[in-house]
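Shown here: query_3.txt, compact mmCIF, C-alpha atoms.
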```
# COMPACT_ATOMS: atom_id res chain seq x y z
CA MET A 1 117.38 126.69 108.39
CA SER A 2 118.93 129.23 106.09
CA THR A 3 117.05 132.41 107.07
CA VAL A 4 118.70 134.96 109.27
CA ALA A 5 116.25 137.44 110.77
CA THR A 6 117.14 139.67 113.69
CA ALA A 7 115.41 142.79 114.97
CA GLN A 8 118.53 144.85 114.31
CA THR A 9 119.01 143.76 110.68
CA LYS A 10 118.38 146.63 108.30
CA TRP A 11 116.78 144.74 105.44
CA TRP A 12 116.07 147.73 103.22
CA GLY A 13 119.39 149.49 103.75
CA GLY A 14 120.84 148.19 100.51
CA GLY A 15 123.65 145.76 99.81
CA LYS A 16 121.59 142.66 100.54
CA SER A 17 118.35 141.04 99.39
CA PRO A 18 115.61 142.49 101.63
CA PHE A 19 113.80 139.17 101.74
CA ASN A 20 117.05 137.24 102.27
CA VAL A 21 116.18 135.35 99.09
CA GLU A 22 118.21 135.35 95.89
CA TYR A 23 116.81 137.58 93.12
CA GLY A 24 116.12 134.70 90.71
CA LYS A 25 114.08 132.88 93.33
CA VAL A 26 111.98 135.98 94.10
CA MET A 27 111.31 136.42 90.41
CA MET A 28 110.33 132.76 90.03
CA TRP A 29 107.82 133.20 92.88
CA TYR A 30 106.30 136.25 91.19
CA PHE A 31 106.17 134.51 87.83
CA LEU A 32 104.31 131.67 89.57
CA MET A 33 101.90 134.26 91.02
CA SER A 34 101.13 135.46 87.49
CA ASP A 35 100.62 131.87 86.36
CA THR A 36 98.34 131.34 89.37
CA PHE A 37 96.16 134.19 88.13
CA THR A 38 96.05 132.62 84.67
CA PHE A 39 94.80 129.29 86.00
CA ALA A 40 92.50 131.06 88.45
CA GLY A 41 90.97 132.89 85.50
CA PHE A 42 90.38 129.60 83.69
CA LEU A 43 88.89 127.88 86.72
CA LEU A 44 86.71 130.88 87.58
CA ALA A 45 85.39 130.91 84.00
CA TYR A 46 84.63 127.19 84.36
CA GLY A 47 82.87 127.82 87.68
CA SER A 48 80.76 130.69 86.35
CA VAL A 49 79.68 128.75 83.26
CA ARG A 50 78.88 125.65 85.29
CA PHE A 51 76.84 127.72 87.77
CA SER A 52 75.00 129.37 84.88
CA ALA A 53 74.01 126.01 83.37
CA ASN A 54 70.75 124.34 84.31
CA SER A 55 72.38 120.94 84.16
CA TRP A 56 75.86 119.47 83.66
CA PRO A 57 77.28 116.01 82.92
CA ASP A 58 78.14 113.86 85.93
CA ALA A 59 81.93 113.50 86.13
CA ASN A 60 81.61 109.96 87.47
CA GLU A 61 79.76 108.89 84.32
CA VAL A 62 82.37 110.47 82.04
CA TYR A 63 85.74 109.67 83.60
CA ASN A 64 85.22 106.05 84.51
CA SER A 65 87.86 104.00 82.75
CA PHE A 66 91.59 103.25 82.86
CA PRO A 67 94.18 101.77 80.45
CA PHE A 68 93.81 98.11 79.49
CA ALA A 69 90.37 97.95 81.15
CA PRO A 70 87.76 95.78 79.43
CA GLU A 71 85.05 97.47 77.39
CA GLY A 72 82.25 98.86 79.53
CA THR A 73 84.33 99.31 82.68
CA HIS A 74 82.70 101.67 85.14
CA ALA A 75 85.36 102.64 87.67
CA PRO A 76 85.27 106.39 88.40
CA LEU A 77 88.03 108.16 90.34
CA ILE A 78 90.50 105.24 90.08
CA PHE A 79 92.63 106.49 87.22
CA VAL A 80 92.66 110.12 88.36
CA SER A 81 93.74 109.04 91.87
CA ILE A 82 96.73 107.27 90.35
CA MET A 83 97.58 110.41 88.37
CA THR A 84 97.31 112.55 91.51
CA PHE A 85 99.60 110.27 93.52
CA ILE A 86 102.15 110.15 90.69
CA LEU A 87 102.34 113.95 90.71
CA ILE A 88 102.50 114.23 94.51
CA LEU A 89 105.31 111.65 94.67
CA SER A 90 107.21 113.43 91.89
CA SER A 91 106.91 116.61 93.97
CA VAL A 92 108.38 114.75 96.96
CA THR A 93 111.36 113.53 94.94
CA MET A 94 111.84 117.12 93.71
CA VAL A 95 111.98 118.42 97.30
CA LEU A 96 114.48 115.68 98.13
CA ALA A 97 116.57 116.79 95.12
CA VAL A 98 116.53 120.40 96.36
CA GLN A 99 117.50 119.32 99.88
CA ALA A 100 120.30 117.17 98.50
CA GLY A 101 121.45 120.27 96.60
CA HIS A 102 121.65 122.24 99.86
CA HIS A 103 123.91 119.51 101.15
CA ASN A 104 125.97 119.50 97.91
CA ASN A 105 125.17 115.79 97.50
CA LYS A 106 125.40 115.49 93.71
CA LYS A 107 124.52 111.78 93.57
CA ALA A 108 121.27 112.28 95.49
CA VAL A 109 120.39 115.29 93.33
CA VAL A 110 120.82 113.21 90.17
CA ARG A 111 118.83 110.28 91.55
CA ASN A 112 115.94 112.42 92.73
CA LEU A 113 115.85 114.49 89.53
CA ILE A 114 115.63 111.30 87.45
CA LEU A 115 112.73 110.06 89.61
CA THR A 116 110.96 113.42 89.25
CA ILE A 117 111.38 113.37 85.46
CA LEU A 118 110.04 109.81 85.30
CA GLY A 119 107.05 110.86 87.42
CA GLY A 120 106.35 113.76 85.08
CA ILE A 121 106.54 111.55 82.01
CA ALA A 122 104.24 108.99 83.68
CA PHE A 123 101.69 111.72 84.43
CA LEU A 124 101.81 113.03 80.86
CA SER A 125 101.32 109.51 79.53
CA CYS A 126 98.28 109.03 81.76
CA GLN A 127 96.81 112.35 80.65
CA ALA A 128 97.48 111.48 77.00
CA TRP A 129 95.62 108.21 77.49
CA GLU A 130 92.69 110.00 79.13
CA TRP A 131 92.46 112.47 76.21
CA THR A 132 92.69 109.69 73.62
CA HIS A 133 90.06 107.62 75.42
CA LEU A 134 87.62 110.56 75.59
CA TYR A 135 88.33 111.45 71.96
CA HIS A 136 87.42 107.94 70.88
CA GLU A 137 84.16 108.27 72.79
CA GLY A 138 83.35 111.33 70.69
CA ALA A 139 84.43 114.13 73.00
CA TRP A 140 86.52 117.06 71.77
CA TRP A 141 86.42 120.84 71.67
CA GLY A 142 82.91 121.59 70.41
CA ARG A 143 81.67 117.98 70.83
CA ASN A 144 80.18 116.50 73.96
CA PRO A 145 78.59 113.05 73.59
CA PHE A 146 77.77 112.74 77.30
CA LEU A 147 74.32 113.64 78.63
CA ASN A 148 73.64 116.12 81.39
CA VAL A 149 72.37 114.81 84.70
CA ASP A 150 68.82 115.86 83.77
CA GLY A 151 68.95 113.94 80.48
CA THR A 152 69.40 116.88 78.11
CA PRO A 153 72.22 116.85 75.53
CA GLY A 154 75.56 117.49 77.23
CA ALA A 155 76.68 121.09 77.59
CA VAL A 156 79.52 121.50 75.08
CA ASN A 157 81.35 123.77 77.51
CA PHE A 158 81.95 120.66 79.61
CA THR A 159 84.42 119.23 77.13
CA ASN A 160 85.63 122.67 76.03
CA PHE A 161 86.75 123.53 79.53
CA PHE A 162 88.09 120.06 80.28
CA PHE A 163 90.39 119.91 77.27
CA THR A 164 91.45 123.56 77.55
CA ILE A 165 92.33 123.54 81.23
CA THR A 166 93.89 120.07 81.38
CA GLY A 167 95.67 121.00 78.14
CA PHE A 168 97.21 124.10 79.70
CA HIS A 169 98.12 122.12 82.79
CA GLY A 170 99.61 119.30 80.71
CA PHE A 171 101.64 121.87 78.79
CA HIS A 172 103.02 123.17 82.08
CA VAL A 173 103.91 119.61 83.13
CA PHE A 174 105.62 119.13 79.78
CA THR A 175 107.72 122.29 80.08
CA GLY A 176 108.45 121.32 83.69
CA VAL A 177 109.80 117.96 82.54
CA LEU A 178 111.95 119.72 79.93
CA ILE A 179 113.31 122.13 82.56
CA ASN A 180 114.07 119.21 84.89
CA ILE A 181 115.91 117.38 82.09
CA ILE A 182 118.02 120.50 81.54
CA MET A 183 118.68 120.64 85.30
CA LEU A 184 119.76 116.99 85.20
CA ILE A 185 122.17 117.61 82.33
CA MET A 186 123.61 120.66 84.11
CA THR A 187 124.05 118.65 87.31
CA LEU A 188 125.77 115.80 85.48
CA ASN A 189 128.08 118.31 83.77
CA ASN A 190 129.13 119.61 87.21
CA THR A 191 127.81 123.11 86.45
CA PHE A 192 126.47 123.43 89.99
CA GLU A 193 129.52 121.83 91.57
CA LYS A 194 131.61 124.54 89.91
CA ARG A 195 129.19 127.29 90.96
CA GLY A 196 129.26 126.02 94.52
CA HIS A 197 125.49 126.01 94.95
CA TYR A 198 122.40 124.26 93.62
CA LEU A 199 120.09 127.30 93.72
CA MET A 200 118.94 126.70 90.12
CA ILE A 201 117.50 123.35 91.21
CA GLU A 202 115.49 125.18 93.86
CA LYS A 203 113.96 127.48 91.26
CA ALA A 204 113.10 124.56 89.00
CA GLY A 205 111.65 122.89 92.08
CA LEU A 206 109.34 125.85 92.71
CA TYR A 207 107.99 125.54 89.16
CA TRP A 208 107.45 121.81 89.58
CA HIS A 209 105.56 122.26 92.85
CA PHE A 210 103.40 124.90 91.20
CA VAL A 211 102.47 122.31 88.54
CA ASP A 212 101.47 119.89 91.31
CA LEU A 213 99.51 122.64 93.07
CA VAL A 214 97.51 123.49 89.95
CA TRP A 215 96.68 119.80 89.52
CA VAL A 216 95.28 119.70 93.08
CA PHE A 217 92.80 122.42 92.06
CA VAL A 218 92.04 121.10 88.56
CA PHE A 219 91.49 117.55 89.80
CA THR A 220 89.14 118.72 92.56
CA CYS A 221 87.10 121.05 90.32
CA PHE A 222 86.66 118.62 87.41
CA TYR A 223 86.53 115.20 89.01
CA LEU A 224 85.34 115.62 92.59
CA ILE A 225 82.86 118.49 92.94
CA MET B 1 122.85 142.03 96.29
CA GLU B 2 123.97 139.76 99.08
CA TYR B 3 122.01 136.65 99.83
CA THR B 4 123.24 135.06 103.01
CA THR B 5 122.71 131.39 103.70
CA THR B 6 124.56 128.73 105.62
CA PRO B 7 124.59 125.13 104.32
CA PRO B 8 122.66 122.86 106.69
CA SER B 9 124.42 120.46 109.02
CA GLN B 10 123.84 116.72 108.71
CA ALA B 11 121.40 116.86 111.62
CA GLN B 12 119.41 119.67 109.97
CA TYR B 13 119.42 117.69 106.70
CA GLU B 14 117.98 114.64 108.45
CA ALA B 15 115.37 116.78 110.23
CA ALA B 16 114.40 118.47 106.96
CA LYS B 17 113.97 115.09 105.22
CA LYS B 18 111.83 113.87 108.14
CA GLU B 19 109.61 116.93 107.83
CA ILE B 20 109.09 116.26 104.13
CA ILE B 21 108.16 112.61 104.77
CA LYS B 22 105.65 113.76 107.38
CA VAL B 23 104.11 116.30 104.99
CA THR B 24 103.96 113.61 102.28
CA TRP B 25 101.89 111.43 104.60
CA VAL B 26 99.60 114.38 105.42
CA LEU B 27 99.04 115.08 101.72
CA SER B 28 98.37 111.42 100.98
CA VAL B 29 95.85 111.12 103.82
CA LEU B 30 94.07 114.32 102.74
CA THR B 31 93.92 113.02 99.16
CA VAL B 32 92.52 109.65 100.26
CA ILE B 33 89.83 111.36 102.37
CA GLU B 34 88.92 113.59 99.40
CA LEU B 35 88.62 110.55 97.16
CA MET B 36 86.50 108.70 99.72
CA LEU B 37 84.15 111.69 99.96
CA GLY B 38 83.99 111.89 96.17
CA PHE B 39 83.20 108.21 95.99
CA TRP B 40 80.49 108.64 98.65
CA LEU B 41 78.90 111.38 96.54
CA TYR B 42 78.96 109.05 93.54
CA LYS B 43 77.44 106.15 95.44
CA SER B 44 74.62 108.23 97.00
CA PRO B 45 72.30 109.55 94.30
CA GLU B 46 69.55 109.88 96.90
CA MET B 47 71.57 112.35 99.00
CA SER B 48 69.79 115.68 99.57
CA GLU B 49 71.03 118.77 97.73
CA GLY B 50 72.08 120.47 100.98
CA MET B 51 74.09 117.45 102.09
CA ARG B 52 75.77 117.27 98.66
CA TRP B 53 76.94 120.84 98.98
CA ALA B 54 78.15 120.21 102.55
CA VAL B 55 80.29 117.27 101.35
CA LYS B 56 81.60 119.33 98.43
CA GLY B 57 82.41 122.12 100.90
CA VAL B 58 84.49 119.71 102.97
CA ILE B 59 86.30 118.53 99.82
CA ILE B 60 87.11 122.16 98.99
CA ILE B 61 88.46 122.77 102.49
CA LEU B 62 90.67 119.66 102.19
CA MET B 63 91.88 120.93 98.80
CA LEU B 64 92.86 124.27 100.37
CA ALA B 65 94.65 122.43 103.20
CA LYS B 66 96.63 120.44 100.61
CA ALA B 67 97.50 123.67 98.81
CA PHE B 68 98.74 125.16 102.08
CA TYR B 69 100.98 122.17 102.81
CA ILE B 70 102.47 122.15 99.29
CA VAL B 71 103.19 125.90 99.33
CA ALA B 72 104.41 126.07 102.93
CA TYR B 73 106.62 122.98 103.07
CA PHE B 74 107.42 121.75 99.56
CA MET B 75 107.91 125.28 98.23
CA HIS B 76 109.54 126.24 101.53
CA LEU B 77 107.46 129.42 101.93
CA LYS B 78 106.85 128.82 105.64
CA HIS B 79 110.56 129.17 106.33
CA GLU B 80 111.01 132.45 104.49
CA LEU B 81 110.91 135.95 105.96
CA LYS B 82 107.48 137.16 107.09
CA ASN B 83 107.45 140.11 104.65
CA PHE B 84 108.13 137.82 101.71
CA ILE B 85 105.38 135.43 102.77
CA MET B 86 102.98 138.40 102.86
CA THR B 87 103.80 139.45 99.28
CA ILE B 88 102.55 136.03 98.20
CA VAL B 89 99.69 135.45 100.64
CA LEU B 90 97.94 138.85 100.58
CA PRO B 91 97.10 138.82 96.84
CA ILE B 92 95.80 135.28 97.23
CA ILE B 93 93.46 136.40 100.06
CA SER B 94 91.75 138.62 97.48
CA PHE B 95 90.72 135.44 95.69
CA ILE B 96 88.19 134.59 98.38
CA TRP B 97 86.00 137.42 97.15
CA ILE B 98 86.57 136.81 93.44
CA VAL B 99 85.49 133.16 93.68
CA PHE B 100 82.30 134.10 95.50
CA SER B 101 81.46 136.92 93.11
CA PHE B 102 82.01 134.91 89.91
CA LEU B 103 79.98 131.95 91.11
CA HIS B 104 77.20 134.27 92.27
CA ASP B 105 77.30 135.99 88.88
CA GLY B 106 77.02 132.66 87.05
CA ASN B 107 74.08 131.64 89.20
CA SER B 108 72.37 134.99 88.61
CA TYR B 109 72.82 134.52 84.86
CA LYS B 110 71.12 131.13 85.08
CA GLU B 111 68.15 132.57 86.95
CA LEU B 112 67.78 135.54 84.62
CA ARG B 113 67.93 133.26 81.60
CA ASN B 114 65.34 130.89 83.04
CA ASP B 115 62.93 133.72 83.90
CA TYR B 116 63.44 135.57 80.65
CA ASN B 117 60.19 136.63 78.99
CA PRO B 118 60.72 138.19 75.53
CA HIS B 119 57.17 139.60 75.38
CA PRO B 120 56.36 140.93 78.83
CA HIS B 121 53.35 142.96 77.60
CA ILE B 122 51.52 139.97 76.09
CA LYS B 123 49.58 138.09 78.69
CA VAL B 124 49.57 134.35 78.17
CA GLN B 125 46.81 132.36 79.82
CA LYS B 126 46.34 128.63 79.82
CA THR B 127 42.74 127.51 79.24
CA THR B 128 41.09 124.14 78.88
CA THR B 129 38.88 124.96 75.88
CA PRO B 130 40.55 124.05 72.57
CA ALA B 131 41.62 127.04 70.46
CA HIS B 132 40.41 125.81 67.09
CA GLY B 133 37.17 124.05 67.92
CA VAL B 134 36.65 120.45 68.97
CA GLU B 135 39.09 117.95 67.46
CA GLY B 136 37.85 115.71 64.66
CA LYS B 137 34.78 117.84 64.00
CA LYS B 138 34.54 120.94 61.82
```

Would you put the structure from the file into structure tokens?
Amino acid sequence: MSTVATAQTKWWGGGKSPFNVEYGKVMMWYFLMSDTFTFAGFLLAYGSVRFSANSWPDANEVYNSFPFAPEGTHAPLIFVSIMTFILILSSVTMVLAVQAGHHNNKKAVVRNLILTILGGIAFLSCQAWEWTHLYHEGAWWGRNPFLNVDGTPGAVNFTNFFFTITGFHGFHVFTGVLINIIMLIMTLNNTFEKRGHYLMIEKAGLYWHFVDLVWVFVFTCFYLI
Amino acid sequence: MEYTTTPPSQAQYEAAKKEIIKVTWVLSVLTVIELMLGFWLYKSPEMSEGMRWAVKGVIIILMLAKAFYIVAYFMHLKHELKNFIMTIVLPIISFIWIVFSFLHDGNSYKELRNDYNPHPHIKVQKTTTPAHGVEGKK
């Protein structure tokens, strides 16, 4: 445990970080708060529009295939579960990388960063397949070939919101993978060995966990409820 | 600005890894339960509207539990100073109200749109007598 908190400590007296957290880490947390509000705005817009619609497509009729499945496969929730587990496991390897950094274990940091990057690339590939599959079924911004539950032509906001929100999330995963690759290169070049600490990996880890967190919400709102 | 930290001992390292493995299992179990509930919703078209919303409510609670575990343990927030935790948690508490108000607003929009009458002063009555005489005859 790295926190030191005693009743006598004067946290706001100057000369030390009042939260006992390095400045860069505090700023990363507050950047993530702002990003949380961005995604919250998107999801709230989705919720309001869906609540204002008389009917909406059934997610289990729309997202019901997976790669290399035969034509006409009807298997909802399978592919998205795989995507969710990939992202959760990549978050676990990221935490293990951060912990290895605390222990100055460069080999474990490298191994876990590589696993995290592979997880991120796997997730992006799955999402790219999902987008391509839906596109070939006729869905895109402004086009919704799926019917609402009550039989009326599908609300076009269904696909609008899906592509916009998963697009923003996918973009965050993509930048997260890039940041992790940079972290890997820095680790291999002994930048952190020379600095004496792996705090930068922690900050990249916070961003990566945020990406996983957003997916928990996006996956629930679009696929489950 | 000084940021004081002591590198963990081997024992603390092992304990920390154990905690992460435990949280991983918790997240996996929560996800599997969510998926089972989602699958149940899909397989039960005859389920009543009230029951559907109850199941969706449980899924939402599980989602929030997952969010708590990721933020508290993976992002390490639980082990930070109380004041720092509050700077993150208190703004998020405000979201409880914003979610309710936006969904309520959307629902109100639906009802207003469904009940909209562009000509409220013109009374429309349905009758059984045909408007233009009997069909087929002049």

Give me the chain B side of the contact with chain A, cut-off 8 Å, one line per residue showing its nearest atom pair and distance in Å at one decimal, counting only C-alpha atoms, sorted by chain and residue number, as JSON lines.
```
{"residue": "B:Met1", "atom": "CA", "partner": "A:Lys16", "partner_atom": "CA", "distance": 4.5}
{"residue": "B:Glu2", "atom": "CA", "partner": "A:Lys16", "partner_atom": "CA", "distance": 4.0}
{"residue": "B:Tyr3", "atom": "CA", "partner": "A:Asn20", "partner_atom": "CA", "distance": 5.6}
{"residue": "B:Thr4", "atom": "CA", "partner": "A:Asn20", "partner_atom": "CA", "distance": 6.6}
{"residue": "B:Thr5", "atom": "CA", "partner": "A:Ser2", "partner_atom": "CA", "distance": 5.0}
{"residue": "B:Thr6", "atom": "CA", "partner": "A:Ser2", "partner_atom": "CA", "distance": 5.7}
{"residue": "B:Pro7", "atom": "CA", "partner": "A:His102", "partner_atom": "CA", "distance": 6.1}
{"residue": "B:Pro8", "atom": "CA", "partner": "A:His103", "partner_atom": "CA", "distance": 6.6}
{"residue": "B:Ser9", "atom": "CA", "partner": "A:His103", "partner_atom": "CA", "distance": 7.9}
{"residue": "B:Gln12", "atom": "CA", "partner": "A:Met1", "partner_atom": "CA", "distance": 7.5}
{"residue": "B:Tyr13", "atom": "CA", "partner": "A:Gln99", "partner_atom": "CA", "distance": 7.3}
{"residue": "B:Ala16", "atom": "CA", "partner": "A:Gln99", "partner_atom": "CA", "distance": 7.8}
{"residue": "B:Lys17", "atom": "CA", "partner": "A:Leu96", "partner_atom": "CA", "distance": 7.1}
{"residue": "B:Ile20", "atom": "CA", "partner": "A:Val92", "partner_atom": "CA", "distance": 7.4}
{"residue": "B:Thr24", "atom": "CA", "partner": "A:Val92", "partner_atom": "CA", "distance": 7.0}
{"residue": "B:Ser28", "atom": "CA", "partner": "A:Phe85", "partner_atom": "CA", "distance": 7.6}
{"residue": "B:Glu34", "atom": "CA", "partner": "A:Leu224", "partner_atom": "CA", "distance": 8.0}
{"residue": "B:Leu35", "atom": "CA", "partner": "A:Leu77", "partner_atom": "CA", "distance": 7.3}
{"residue": "B:Gly38", "atom": "CA", "partner": "A:Leu224", "partner_atom": "CA", "distance": 5.3}
{"residue": "B:Phe39", "atom": "CA", "partner": "A:Leu77", "partner_atom": "CA", "distance": 7.4}
{"residue": "B:Tyr42", "atom": "CA", "partner": "A:Asn60", "partner_atom": "CA", "distance": 6.7}
{"residue": "B:Lys56", "atom": "CA", "partner": "A:Ile225", "partner_atom": "CA", "distance": 5.7}
{"residue": "B:Ile59", "atom": "CA", "partner": "A:Ile225", "partner_atom": "CA", "distance": 7.7}
{"residue": "B:Ile60", "atom": "CA", "partner": "A:Thr220", "partner_atom": "CA", "distance": 7.6}
{"residue": "B:Met63", "atom": "CA", "partner": "A:Val216", "partner_atom": "CA", "distance": 6.8}
{"residue": "B:Lys66", "atom": "CA", "partner": "A:Val216", "partner_atom": "CA", "distance": 7.7}
{"residue": "B:Ala67", "atom": "CA", "partner": "A:Leu213", "partner_atom": "CA", "distance": 6.2}
{"residue": "B:Ile70", "atom": "CA", "partner": "A:Leu213", "partner_atom": "CA", "distance": 6.9}
{"residue": "B:Val71", "atom": "CA", "partner": "A:His209", "partner_atom": "CA", "distance": 7.8}
{"residue": "B:Phe74", "atom": "CA", "partner": "A:Val95", "partner_atom": "CA", "distance": 6.1}
{"residue": "B:Met75", "atom": "CA", "partner": "A:Leu206", "partner_atom": "CA", "distance": 5.7}
{"residue": "B:His79", "atom": "CA", "partner": "A:Thr3", "partner_atom": "CA", "distance": 7.3}
{"residue": "B:Glu80", "atom": "CA", "partner": "A:Thr3", "partner_atom": "CA", "distance": 6.6}
{"residue": "B:Leu81", "atom": "CA", "partner": "A:Phe19", "partner_atom": "CA", "distance": 6.0}
{"residue": "B:Asn83", "atom": "CA", "partner": "A:Phe19", "partner_atom": "CA", "distance": 7.0}
{"residue": "B:Phe84", "atom": "CA", "partner": "A:Phe19", "partner_atom": "CA", "distance": 5.8}
{"residue": "B:Ile88", "atom": "CA", "partner": "A:Met33", "partner_atom": "CA", "distance": 7.4}
{"residue": "B:Val99", "atom": "CA", "partner": "A:Leu44", "partner_atom": "CA", "distance": 6.6}
{"residue": "B:Phe102", "atom": "CA", "partner": "A:Ser48", "partner_atom": "CA", "distance": 5.7}
{"residue": "B:Leu103", "atom": "CA", "partner": "A:Ser48", "partner_atom": "CA", "distance": 5.0}
{"residue": "B:His104", "atom": "CA", "partner": "A:Ser48", "partner_atom": "CA", "distance": 7.8}
{"residue": "B:Asp105", "atom": "CA", "partner": "A:Ser48", "partner_atom": "CA", "distance": 6.8}
{"residue": "B:Gly106", "atom": "CA", "partner": "A:Ser48", "partner_atom": "CA", "distance": 4.3}
{"residue": "B:Asn107", "atom": "CA", "partner": "A:Ser52", "partner_atom": "CA", "distance": 5.0}
{"residue": "B:Ser108", "atom": "CA", "partner": "A:Ser52", "partner_atom": "CA", "distance": 7.2}
{"residue": "B:Tyr109", "atom": "CA", "partner": "A:Ser52", "partner_atom": "CA", "distance": 5.6}
{"residue": "B:Lys110", "atom": "CA", "partner": "A:Ser52", "partner_atom": "CA", "distance": 4.3}
{"residue": "B:Glu111", "atom": "CA", "partner": "A:Ser52", "partner_atom": "CA", "distance": 7.8}
```

>> I want to know what sits within 9 Å of Asn157 (chain A), based on only C-alpha atoms, with residues of the same chain fewer than 3 positions away left out; could you give that as an NGL selection string?
In response: :A and (46 or 49-50 or 141-144 or 154 or 160-162)

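CA of Ala128 (chain A) sits 18.8 Å away from CA of Thr73 (chain A).
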
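CA of Thr159 (chain A) lies 21.7 Å from CA of Ile82 (chain A).
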
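Distance-wise, CA of Met183 (chain A) and CA of Lys106 (chain A) end up 11.9 Å apart.
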
Take every atom of region 180-197 of chain A listed in the file, pad by 3 Å on each side, and give me the axis-aligned box centre and edge lengths in Å, one decimal, as JSON.
```
{"center_x": 122.8, "center_y": 121.5, "center_z": 88.2, "size_x": 23.5, "size_y": 17.5, "size_z": 19.4}
```

Just so I have it separately, write region 196-211 of chain A from the block I sent, keeping N, CA and C atoms, as a CSV table (one decimal), in the first residue's frame.
```csv
chain,number,residue,atom,x,y,z
A,196,GLY,N,13.6,5.5,-12.7
A,196,GLY,CA,13.5,4.9,-11.3
A,196,GLY,C,12.0,4.6,-10.9
A,197,HIS,N,11.1,4.9,-11.8
A,197,HIS,CA,9.7,4.5,-11.5
A,197,HIS,C,8.9,4.3,-12.8
A,198,TYR,N,7.8,3.6,-12.7
A,198,TYR,CA,7.0,3.2,-13.8
A,198,TYR,C,5.6,4.0,-13.7
A,199,LEU,N,5.6,5.2,-13.2
A,199,LEU,CA,4.4,5.9,-13.0
A,199,LEU,C,3.6,6.2,-14.3
A,200,MET,N,4.4,6.4,-15.4
A,200,MET,CA,3.7,6.6,-16.7
A,200,MET,C,2.9,5.4,-17.1
A,201,ILE,N,3.3,4.2,-16.7
A,201,ILE,CA,2.5,3.0,-17.1
A,201,ILE,C,1.2,3.1,-16.3
A,202,GLU,N,1.3,3.6,-15.0
A,202,GLU,CA,0.0,3.7,-14.3
A,202,GLU,C,-1.0,4.6,-14.9
A,203,LYS,N,-0.5,5.8,-15.5
A,203,LYS,CA,-1.4,6.7,-16.1
A,203,LYS,C,-2.0,6.1,-17.4
A,204,ALA,N,-1.2,5.4,-18.1
A,204,ALA,CA,-1.7,4.8,-19.3
A,204,ALA,C,-2.7,3.7,-18.9
A,205,GLY,N,-2.4,3.1,-17.8
A,205,GLY,CA,-3.3,2.0,-17.3
A,205,GLY,C,-4.7,2.6,-16.9
A,206,LEU,N,-4.7,3.8,-16.3
A,206,LEU,CA,-6.0,4.5,-16.0
A,206,LEU,C,-6.8,4.7,-17.2
A,207,TYR,N,-6.1,5.2,-18.3
A,207,TYR,CA,-6.9,5.4,-19.6
A,207,TYR,C,-7.4,4.1,-20.1
A,208,TRP,N,-6.6,3.0,-20.0
A,208,TRP,CA,-7.1,1.7,-20.6
A,208,TRP,C,-8.3,1.2,-19.8
A,209,HIS,N,-8.3,1.4,-18.5
A,209,HIS,CA,-9.4,0.9,-17.7
A,209,HIS,C,-10.6,1.7,-17.9
A,210,PHE,N,-10.5,3.0,-18.2
A,210,PHE,CA,-11.6,3.9,-18.6
A,210,PHE,C,-12.2,3.3,-19.8
A,211,VAL,N,-11.4,2.9,-20.8
A,211,VAL,CA,-11.9,2.4,-22.1
A,211,VAL,C,-12.8,1.1,-21.8
```
